[in-house]
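Engineer: Here you go, this is coords-v7.cif (mmCIF, C-alpha atoms (C1' of nucleotides)).
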```cif
data_target
loop_
_atom_site.label_atom_id
_atom_site.label_comp_id
_atom_site.auth_asym_id
_atom_site.auth_seq_id
_atom_site.Cartn_x
_atom_site.Cartn_y
_atom_site.Cartn_z
CA MET U 107 89.44 66.08 88.28
CA GLU U 108 92.30 68.16 86.91
CA ALA U 109 89.99 69.74 84.36
CA ALA U 110 87.50 70.50 87.11
CA ALA U 111 90.21 72.16 89.21
CA ARG U 112 91.17 74.31 86.25
CA VAL U 113 87.59 75.36 85.55
CA ILE U 114 86.97 76.20 89.19
CA ALA U 115 90.13 78.28 89.30
CA ARG U 116 88.90 80.13 86.20
CA ARG U 117 85.22 80.58 87.01
CA GLY U 118 84.79 79.83 90.69
CA VAL U 119 82.66 77.17 92.30
CA ARG U 120 79.45 78.99 91.52
CA GLY U 121 80.61 79.78 88.01
CA LEU U 122 81.37 76.18 87.07
CA ARG U 123 79.27 75.06 84.09
CA VAL U 124 79.06 71.36 83.47
CA GLU U 125 79.31 72.02 79.75
CA GLU U 126 82.53 73.97 80.19
CA LEU U 127 83.96 71.24 82.37
CA ALA U 128 83.09 68.65 79.72
CA ALA U 129 84.80 70.70 77.04
CA GLU U 130 87.86 71.21 79.24
CA ALA U 131 88.08 67.45 79.82
CA GLY U 132 87.42 66.72 76.15
CA VAL U 133 84.29 64.65 76.75
CA SER U 134 80.52 65.11 76.52
CA THR U 135 78.34 66.45 79.31
CA ALA U 136 76.54 63.12 79.50
CA LEU U 137 79.78 61.39 80.38
CA ILE U 138 80.28 63.79 83.26
CA TYR U 139 76.88 62.80 84.61
CA TYR U 140 77.73 59.13 84.09
CA HIS U 141 80.76 59.46 86.39
CA PHE U 142 79.32 61.93 88.90
CA LYS U 143 75.80 61.86 90.20
CA ASP U 144 75.11 65.54 89.69
CA ARG U 145 76.62 68.99 89.88
CA ALA U 146 76.96 68.82 93.66
CA GLY U 147 78.81 65.52 93.28
CA ILE U 148 81.24 67.11 90.86
CA LEU U 149 81.98 69.86 93.34
CA ARG U 150 82.34 67.53 96.30
CA ARG U 151 84.78 65.24 94.52
CA THR U 152 86.75 68.12 93.09
CA LEU U 153 87.16 69.78 96.45
CA GLU U 154 88.37 66.46 97.90
CA PHE U 155 90.82 66.18 95.03
CA ILE U 156 92.09 69.69 95.62
CA SER U 157 92.41 69.10 99.33
CA ASP U 158 94.42 65.90 98.80
CA ARG U 159 96.64 67.61 96.29
CA ALA U 160 97.32 70.49 98.67
CA GLU U 161 98.45 68.07 101.37
CA ARG U 162 100.66 66.38 98.83
CA TYR U 163 102.44 69.47 97.67
CA THR U 164 102.79 70.66 101.24
CA SER U 165 104.40 67.49 102.59
CA GLU U 166 106.08 66.11 99.49
CA ARG U 167 107.88 69.16 98.26
CA GLU U 168 111.39 68.33 97.17
CA THR U 169 113.37 67.95 100.38
CA PRO U 170 116.77 69.63 100.10
CA ALA U 171 119.87 67.53 100.76
CA ARG U 172 120.25 68.94 104.29
CA PRO U 173 117.02 69.54 106.19
CA LEU U 174 116.10 73.19 106.61
CA ASP U 175 116.34 74.81 110.01
CA PRO U 176 112.92 75.02 111.68
CA ARG U 177 112.45 78.73 111.03
CA ARG U 178 113.00 78.35 107.28
CA GLU U 179 110.82 75.30 107.26
CA LEU U 180 107.97 77.30 108.79
CA GLU U 181 108.45 80.20 106.40
CA GLN U 182 108.64 78.01 103.33
CA THR U 183 105.55 76.06 104.30
CA LEU U 184 103.49 79.20 104.71
CA LEU U 185 104.88 80.82 101.56
CA LEU U 186 103.90 77.75 99.55
CA GLU U 187 100.37 79.15 99.36
CA LEU U 188 101.60 82.42 97.91
CA GLN U 189 103.13 81.37 94.62
CA ASP U 190 102.10 82.20 91.10
CA GLU U 191 102.20 78.60 89.89
CA PRO U 192 99.13 77.15 88.18
CA VAL U 193 98.61 74.32 90.67
CA VAL U 194 99.01 76.58 93.68
CA ARG U 195 96.74 79.20 92.19
CA GLU U 196 94.13 76.56 91.48
CA ASN U 197 94.28 75.27 95.02
CA SER U 198 94.25 78.70 96.64
CA THR U 199 91.38 79.82 94.46
CA ALA U 200 89.38 76.71 95.17
CA TRP U 201 89.92 77.02 98.91
CA GLY U 202 88.90 80.65 98.82
CA GLU U 203 85.75 79.63 97.02
CA LEU U 204 85.08 76.88 99.50
CA ARG U 205 85.35 79.32 102.38
CA ALA U 206 83.20 81.91 100.65
CA ASN U 207 80.52 79.34 99.84
CA ALA U 208 80.55 77.88 103.33
CA VAL U 209 79.10 81.16 104.59
CA PHE U 210 75.85 80.28 102.81
CA ASP U 211 76.04 76.51 102.60
CA PRO U 212 76.33 74.70 105.94
CA GLU U 213 77.05 71.42 104.11
CA LEU U 214 80.49 72.67 103.20
CA ARG U 215 81.42 73.66 106.72
CA GLU U 216 82.49 70.26 107.92
CA ASP U 217 85.17 69.80 105.26
CA LEU U 218 86.31 73.34 105.73
CA ALA U 219 86.56 73.11 109.51
CA LYS U 220 88.48 69.86 109.36
CA ALA U 221 91.01 71.08 106.81
CA THR U 222 91.49 74.36 108.65
CA LEU U 223 92.06 72.60 111.95
CA ILE U 224 94.70 70.31 110.46
CA TRP U 225 96.46 73.23 108.89
CA VAL U 226 96.45 75.28 112.09
CA GLN U 227 97.81 72.33 114.06
CA GLU U 228 100.62 71.72 111.58
CA THR U 229 101.55 75.37 111.76
CA ALA U 230 101.51 75.31 115.54
CA GLU U 231 103.83 72.31 115.46
CA LEU U 232 106.30 74.08 113.20
CA LEU U 233 106.17 77.12 115.47
CA GLY U 234 106.90 74.82 118.41
CA GLN U 235 110.03 73.58 116.70
CA VAL U 236 111.26 77.13 116.31
CA SER U 237 110.32 78.18 119.83
CA PRO U 238 110.31 75.00 121.94
CA MET U 239 109.83 76.76 125.29
CA SER U 240 106.55 78.43 124.35
CA PRO U 241 103.33 77.13 125.92
CA ALA U 242 100.99 75.24 123.63
CA ALA U 243 98.25 77.86 123.96
CA SER U 244 100.54 80.64 122.70
CA LEU U 245 101.67 78.50 119.80
CA ALA U 246 98.07 77.73 118.89
CA ALA U 247 97.08 81.40 118.96
CA SER U 248 100.04 82.40 116.80
CA ALA U 249 99.24 79.62 114.35
CA GLU U 250 95.63 80.76 114.11
CA ARG U 251 96.69 84.32 113.44
CA LEU U 252 99.30 83.38 110.85
CA THR U 253 96.98 81.09 108.92
CA ALA U 254 94.07 83.54 109.05
CA LEU U 255 96.42 86.29 107.90
CA LEU U 256 97.60 84.08 105.08
CA GLU U 257 94.00 83.53 103.99
CA GLY U 258 93.39 87.26 104.02
CA LEU U 259 96.55 88.02 102.06
CA SER U 260 95.81 85.22 99.61
CA MET U 261 92.37 86.67 98.94
CA ARG U 262 93.82 90.10 98.30
CA TRP U 263 96.42 88.66 96.00
CA LEU U 264 93.93 86.56 94.02
CA SER U 265 91.52 89.44 93.68
CA GLY U 266 94.31 91.52 92.23
CA ILE U 267 94.58 94.25 94.84
CA LEU U 268 97.87 93.15 96.43
CA PRO U 269 101.02 92.24 94.47
CA LEU U 270 102.35 88.79 95.23
CA THR U 271 105.78 89.97 96.36
CA HIS U 272 104.21 92.41 98.79
CA ALA U 273 101.97 89.69 100.20
CA ARG U 274 105.00 87.47 100.74
CA THR U 275 106.90 90.24 102.51
CA LEU U 276 103.99 90.99 104.82
CA LEU U 277 103.65 87.33 105.71
CA LEU U 278 107.36 86.93 106.50
CA GLU U 279 107.24 89.99 108.73
CA ALA U 280 104.25 88.55 110.51
CA VAL U 281 106.21 85.38 111.20
CA ALA U 282 109.02 87.49 112.60
CA VAL U 283 106.62 89.51 114.76
CA GLU U 284 104.95 86.42 116.19
CA LEU U 285 108.26 84.69 116.88
CA GLU U 286 109.70 87.72 118.63
CA ARG U 287 106.70 87.73 120.88
CA LEU U 288 106.86 84.01 121.61
CA ASP U 289 110.54 84.33 122.51
CA ARG U 290 109.96 87.23 124.84
CA LYS U 291 107.26 85.51 126.85
CA MET J 247 68.65 98.93 99.11
CA GLU J 248 68.12 97.66 102.64
CA ALA J 249 66.19 94.69 101.34
CA ALA J 250 68.98 93.97 98.86
CA ALA J 251 71.57 94.07 101.64
CA ARG J 252 69.52 91.60 103.63
CA VAL J 253 69.12 89.21 100.71
CA ILE J 254 72.83 89.36 99.87
CA ALA J 255 73.70 88.65 103.48
CA ARG J 256 71.37 85.65 103.37
CA ARG J 257 72.15 84.21 99.93
CA GLY J 258 75.35 85.83 98.78
CA VAL J 259 75.95 87.95 95.70
CA ARG J 260 75.73 84.98 93.39
CA GLY J 261 72.71 83.62 95.23
CA LEU J 262 70.66 86.79 94.91
CA ARG J 263 67.40 86.18 93.01
CA VAL J 264 65.57 89.21 91.72
CA GLU J 265 62.28 87.58 92.70
CA GLU J 266 63.45 87.09 96.29
CA LEU J 267 64.63 90.68 96.44
CA ALA J 268 61.27 91.88 95.17
CA ALA J 269 59.46 89.84 97.82
CA GLU J 270 61.79 91.11 100.53
CA ALA J 271 61.09 94.69 99.46
CA GLY J 272 57.37 94.00 99.13
CA VAL J 273 57.15 94.92 95.44
CA SER J 274 56.98 93.14 92.09
CA THR J 275 60.00 92.04 90.08
CA ALA J 276 59.00 94.41 87.31
CA LEU J 277 59.37 97.35 89.68
CA ILE J 278 62.88 96.28 90.50
CA TYR J 279 63.73 96.39 86.80
CA TYR J 280 62.04 99.76 86.52
CA HIS J 281 64.39 101.23 89.12
CA PHE J 282 67.55 99.33 88.20
CA LYS J 283 68.64 98.59 84.69
CA ASP J 284 69.40 94.93 85.28
CA ARG J 285 70.77 92.42 87.74
CA ALA J 286 74.27 93.85 87.49
CA GLY J 287 72.86 97.28 88.25
CA ILE J 288 71.17 95.99 91.38
CA LEU J 289 74.46 94.55 92.59
CA ARG J 290 76.47 97.66 91.78
CA ARG J 291 74.10 99.98 93.61
CA THR J 292 73.77 97.66 96.57
CA LEU J 293 77.49 97.36 97.01
CA GLU J 294 77.78 101.16 96.90
CA PHE J 295 75.06 101.39 99.51
CA ILE J 296 76.82 98.89 101.74
CA SER J 297 80.12 100.65 101.34
CA ASP J 298 78.60 104.01 102.30
CA ARG J 299 76.85 102.49 105.27
CA ALA J 300 80.08 100.89 106.49
CA GLU J 301 81.84 104.25 106.42
CA ARG J 302 78.94 105.74 108.31
CA TYR J 303 78.92 103.24 111.13
CA THR J 304 82.69 103.40 111.35
CA SER J 305 82.94 107.16 111.66
CA GLU J 306 79.61 108.00 113.25
CA ARG J 307 79.54 105.52 116.07
CA GLU J 308 78.34 107.11 119.29
CA THR J 309 81.28 109.10 120.61
CA PRO J 310 81.68 108.66 124.35
CA ALA J 311 81.66 111.76 126.55
CA ARG J 312 85.44 111.73 126.85
CA PRO J 313 87.35 110.72 123.74
CA LEU J 314 88.96 107.30 123.97
CA ASP J 315 92.70 107.01 124.24
CA PRO J 316 94.24 106.18 120.84
CA ARG J 317 94.90 102.52 121.65
CA ARG J 318 91.24 101.88 122.59
CA GLU J 319 90.11 103.86 119.58
CA LEU J 320 92.17 101.59 117.31
CA GLU J 321 90.92 98.44 119.00
CA GLN J 322 87.27 99.50 118.92
CA THR J 323 87.45 100.48 115.29
CA LEU J 324 88.86 97.11 114.27
CA LEU J 325 86.48 95.18 116.51
CA LEU J 326 83.51 96.96 114.92
CA GLU J 327 83.71 94.46 112.06
CA LEU J 328 83.49 91.52 114.44
CA GLN J 329 80.08 91.97 116.00
CA ASP J 330 77.01 89.80 115.76
CA GLU J 331 74.68 92.64 114.91
CA PRO J 332 72.48 92.38 111.81
CA VAL J 333 73.85 95.47 110.08
CA VAL J 334 77.46 94.53 110.76
CA ARG J 335 76.89 90.98 109.66
CA GLU J 336 75.25 92.20 106.49
CA ASN J 337 78.14 94.47 105.71
CA SER J 338 80.82 91.92 106.53
CA THR J 339 79.07 89.27 104.51
CA ALA J 340 78.62 91.55 101.56
CA TRP J 341 82.27 92.63 101.63
CA GLY J 342 83.39 89.04 101.83
CA GLU J 343 81.26 88.31 98.80
CA LEU J 344 82.64 91.30 96.96
CA ARG J 345 86.18 90.12 97.57
CA ALA J 346 85.36 86.55 96.59
CA ASN J 347 83.67 87.67 93.40
CA ALA J 348 86.44 90.06 92.49
CA VAL J 349 88.70 87.06 91.96
CA PHE J 350 86.65 86.20 88.88
CA ASP J 351 85.18 89.53 87.92
CA PRO J 352 87.70 92.28 87.16
CA GLU J 353 84.89 94.87 87.07
CA LEU J 354 84.56 94.65 90.83
CA ARG J 355 88.23 95.16 91.52
CA GLU J 356 88.25 98.93 91.28
CA ASP J 357 85.66 99.43 94.03
CA LEU J 358 87.32 96.81 96.15
CA ALA J 359 90.80 98.27 95.78
CA LYS J 360 89.62 101.76 96.60
CA ALA J 361 87.71 100.74 99.71
CA THR J 362 90.57 98.56 100.92
CA LEU J 363 93.10 101.34 100.45
CA ILE J 364 91.00 103.82 102.43
CA TRP J 365 90.56 101.32 105.22
CA VAL J 366 94.27 100.50 105.40
CA GLN J 367 95.13 104.19 105.48
CA GLU J 368 92.69 104.92 108.27
CA THR J 369 94.12 102.05 110.26
CA ALA J 370 97.66 103.26 109.67
CA GLU J 371 96.62 106.67 110.93
CA LEU J 372 95.17 105.24 114.12
CA LEU J 373 98.34 103.22 114.62
CA GLY J 374 100.34 106.39 114.19
CA GLN J 375 98.41 108.04 117.00
CA VAL J 376 99.30 105.18 119.31
CA SER J 377 102.92 105.01 118.24
CA PRO J 378 103.82 108.48 116.96
CA MET J 379 107.55 107.79 116.59
CA SER J 380 107.15 104.91 114.14
CA PRO J 381 108.10 105.47 110.50
CA ALA J 382 105.23 105.64 108.03
CA ALA J 383 106.34 102.49 106.23
CA SER J 384 106.16 100.41 109.40
CA LEU J 385 102.75 101.79 110.22
CA ALA J 386 101.53 100.98 106.72
CA ALA J 387 102.81 97.40 106.92
CA SER J 388 101.20 96.85 110.31
CA ALA J 389 97.93 98.28 109.05
CA GLU J 390 97.98 95.98 106.04
CA ARG J 391 98.59 92.97 108.24
CA LEU J 392 95.91 93.88 110.77
CA THR J 393 93.26 94.55 108.13
CA ALA J 394 94.12 91.42 106.15
CA LEU J 395 94.04 89.40 109.37
CA LEU J 396 90.67 90.91 110.19
CA GLU J 397 89.37 89.83 106.79
CA GLY J 398 90.64 86.32 107.37
CA LEU J 399 89.14 86.12 110.85
CA SER J 400 85.87 87.59 109.64
CA MET J 401 85.64 84.93 106.93
CA ARG J 402 86.23 82.16 109.45
CA TRP J 403 83.65 83.63 111.77
CA LEU J 404 81.01 84.04 109.06
CA SER J 405 81.61 80.54 107.74
CA GLY J 406 81.02 79.19 111.22
CA ILE J 407 84.42 77.68 111.95
CA LEU J 408 85.62 80.26 114.47
CA PRO J 409 83.56 81.54 117.42
CA LEU J 410 83.15 85.29 117.50
CA THR J 411 84.71 85.74 120.93
CA HIS J 412 87.78 83.82 119.87
CA ALA J 413 88.12 85.89 116.72
CA ARG J 414 87.97 89.06 118.81
CA THR J 415 90.62 87.79 121.20
CA LEU J 416 92.96 86.85 118.37
CA LEU J 417 92.55 90.26 116.80
CA LEU J 418 93.26 92.13 120.04
CA GLU J 419 96.39 90.05 120.58
CA ALA J 420 97.50 90.86 117.06
CA VAL J 421 97.12 94.56 117.82
CA ALA J 422 99.24 94.06 120.92
CA VAL J 423 101.88 92.13 118.99
CA GLU J 424 102.13 94.74 116.26
CA LEU J 425 102.29 97.64 118.74
CA GLU J 426 105.01 95.95 120.79
CA ARG J 427 107.02 95.63 117.66
CA LEU J 428 106.47 99.22 116.55
CA ASP J 429 107.54 100.47 119.98
CA ARG J 430 110.69 98.40 120.00
CA LYS J 431 111.92 99.67 116.65
"C1'" DG E 107 55.14 104.02 89.62
"C1'" DT E 108 53.33 99.69 90.09
"C1'" DC E 109 51.18 95.66 88.72
"C1'" DT E 110 50.14 90.76 86.16
"C1'" DA E 111 51.45 87.88 82.77
"C1'" DT E 112 54.68 85.96 79.91
"C1'" DA E 113 58.54 85.80 76.71
"C1'" DA E 114 63.32 84.32 76.27
"C1'" DC E 115 67.19 82.01 77.69
"C1'" DG E 116 70.73 79.53 80.09
"C1'" DG E 117 72.10 75.54 81.97
"C1'" DG E 118 71.28 71.10 84.71
"C1'" DA E 119 69.97 66.73 83.75
"C1'" DT E 120 68.35 62.56 81.03
"C1'" DA E 121 66.85 59.31 77.06
"C1'" DG E 122 68.41 56.25 74.08
"C1'" DA E 123 71.68 54.79 70.41
"C1'" DC E 124 76.18 52.86 69.71
"C1'" DG N 83 81.88 54.09 78.52
"C1'" DT N 84 80.76 57.49 75.43
"C1'" DC N 85 78.03 59.99 72.34
"C1'" DT N 86 74.02 63.20 70.20
"C1'" DA N 87 69.90 65.17 70.94
"C1'" DT N 88 66.69 67.10 73.81
"C1'" DC N 89 63.76 67.96 77.73
"C1'" DC N 90 62.61 71.01 81.30
"C1'" DC N 91 62.98 74.08 85.00
"C1'" DG N 92 64.50 78.26 87.27
"C1'" DT N 93 65.66 82.85 86.40
"C1'" DT N 94 66.23 87.13 84.03
"C1'" DA N 95 63.93 90.44 81.68
"C1'" DT N 96 60.02 92.73 79.15
"C1'" DA N 97 55.16 93.84 77.32
"C1'" DG N 98 51.34 96.13 78.26
"C1'" DA N 99 47.42 97.39 81.38
"C1'" DC N 100 46.24 100.43 85.19
#
```
Could you take the file, read its structure, and then write that structure out as structure tokens?
Structural biologist:
Amino acid sequence: MEAAARVIARRGVRGLRVEELAAEAGVSTALIYYHFKDRAGILRRTLEFISDRAERYTSERETPARPLDPRRELEQTLLLELQDEPVVRENSTAWGELRANAVFDPELREDLAKATLIWVQETAELLGQVSPMSPAASLAASAERLTALLEGLSMRWLSGILPLTHARTLLLEAVAVELERLDRK
Amino acid sequence: MEAAARVIARRGVRGLRVEELAAEAGVSTALIYYHFKDRAGILRRTLEFISDRAERYTSERETPARPLDPRRELEQTLLLELQDEPVVRENSTAWGELRANAVFDPELREDLAKATLIWVQETAELLGQVSPMSPAASLAASAERLTALLEGLSMRWLSGILPLTHARTLLLEAVAVELERLDRK
DNA sequence: GTCTATAACGGGATAGAC
DNA sequence: GTCTATCCCGTTATAGAC
């Protein structure tokens, strides 16, 4: 699965070649087909793996001695997706591919919708901890905007047209803008 | 070119089959290769075509008798990309594909970067007309956020996980949020 | 310019031995 | 479980007639 994540990050979902995956994993192509039914099976299982791993590194990141204040917690959680670390890049790339492919492949939409919903809800919850008086609907809207913005920024970063530091700055400002608004309402 | 845009909107850049394009255009595959050097040439020319067409429908949209006030002008321009009309859908889909492919294909990055820059600048200009006292750097940052958000929302819409009306609402609120902030600074 | 027919190739998938 | 060898199909691209 780790080899598959690496190959997808390098070539994309549609660029994954079973032969390249086999080489990356150090086995033969036949063995890949022994463990996975077919190419689609490889992709399905890999995307599950990536999704699980993303939840892990979101929730299990090393907790500092004293818990962060809610605002920092929110910021750090969102910024997690904008880091130039191999695992993060692999996950971000794979998710971008999943989204892009879902436009043409309805089969992928269910996974995508579920993961997106969870992510939006978690973000809304964090926002609620920062701004406890805000109505749920406002929190939900802000969470949808922040996560959609993050996806857009991530895409620009990964496609090399936006430097990572700039993307991070824009995201932090967006958090500030949304929180200012929530507080004023 | 129109046939190519339709096929790309239906199958994606990586899903385009020369045979399907030929059928869509009502000619033989050999004729496609007569007019374009190869598959890459087809894609390059089609993406140029789509880019030109997007500029056209952005700038040439029917101007109402009285010019809109700057705020409406900004909103309408951004909302143009979130419409369920065939041409718009084709363009949005193709741009999403271009971005997704640029992650793995450095050749595409130049076109993408140029088009994105122009779009961000135009948006910053419109923002400046609404909020003339704001410093250029703030306008630029807001324009980057709004366009990146629009890309994220567009992706979610096209992949079927966000209803169009909701996407439009979220975008309009984002415009409001950014303008409130610009005015307060 | 446009066609029919086909060559050439890449890559998914499997047979069968060990 | 794992390999080598290979089949076979879909797709790109071209040859050659009209």
Engineer: Written as a ChimeraX atom specification, which residues does the PyMOL selection byres ((chain N and resi 85-87) around 12) give for the file shown?
Structural biologist: /U:133-138,140 /E:120-124 /N:83-84,88-89
Engineer: Calculate how many Å separate CA of Arg263 in chain J from CA of Arg290 in chain J, rounding to one decimal.
Structural biologist: 14.7 Å
Engineer: With 9 Å as the threshold, what does the neighbourhood of (114.6, 75.3, 116.9) contain in terms of residues, counting all atoms listed in the file? Coordinates are those of the file; answer as a list in words.
Structural biologist: Asp175, Pro176, Arg177, Leu233, Gly234, Gln235, Val236, Ser237 and Pro238 of chain U
Engineer: Within 10 Å of chain U, which residues of chain E come that close, and what is the closest atom pair and distance in Å for each? Count only C-alpha atoms (C1' of nucleotides) and give it as a tab-separated table.
Structural biologist:
```
residue	atom	partner	partner_atom	distance
E:DG117	C1'	U:Arg123	CA	7.5
E:DG118	C1'	U:Arg145	CA	7.7
E:DA119	C1'	U:Asp144	CA	7.9
E:DT120	C1'	U:Ala136	CA	8.4
```
Engineer: Give me, please, the distance in Å between C1' of DA113 in chain E and C1' of DG92 in chain N, quoted to one decimal.
Structural biologist: 14.3 Å
Engineer: Would you list which chain J residues are within 6 Å of chain U using all atoms listed in the file, as a CSV table (one decimal) with C-alpha atoms, keeping the file's coordinate frame?
Structural biologist:
```csv
chain,number,residue,atom,x,y,z
J,348,ALA,CA,86.4,90.1,92.5
J,349,VAL,CA,88.7,87.1,92.0
J,359,ALA,CA,90.8,98.3,95.8
J,394,ALA,CA,94.1,91.4,106.2
J,395,LEU,CA,94.0,89.4,109.4
J,397,GLU,CA,89.4,89.8,106.8
J,398,GLY,CA,90.6,86.3,107.4
J,399,LEU,CA,89.1,86.1,110.8
J,404,LEU,CA,81.0,84.0,109.1
J,405,SER,CA,81.6,80.5,107.7
J,407,ILE,CA,84.4,77.7,112.0
```
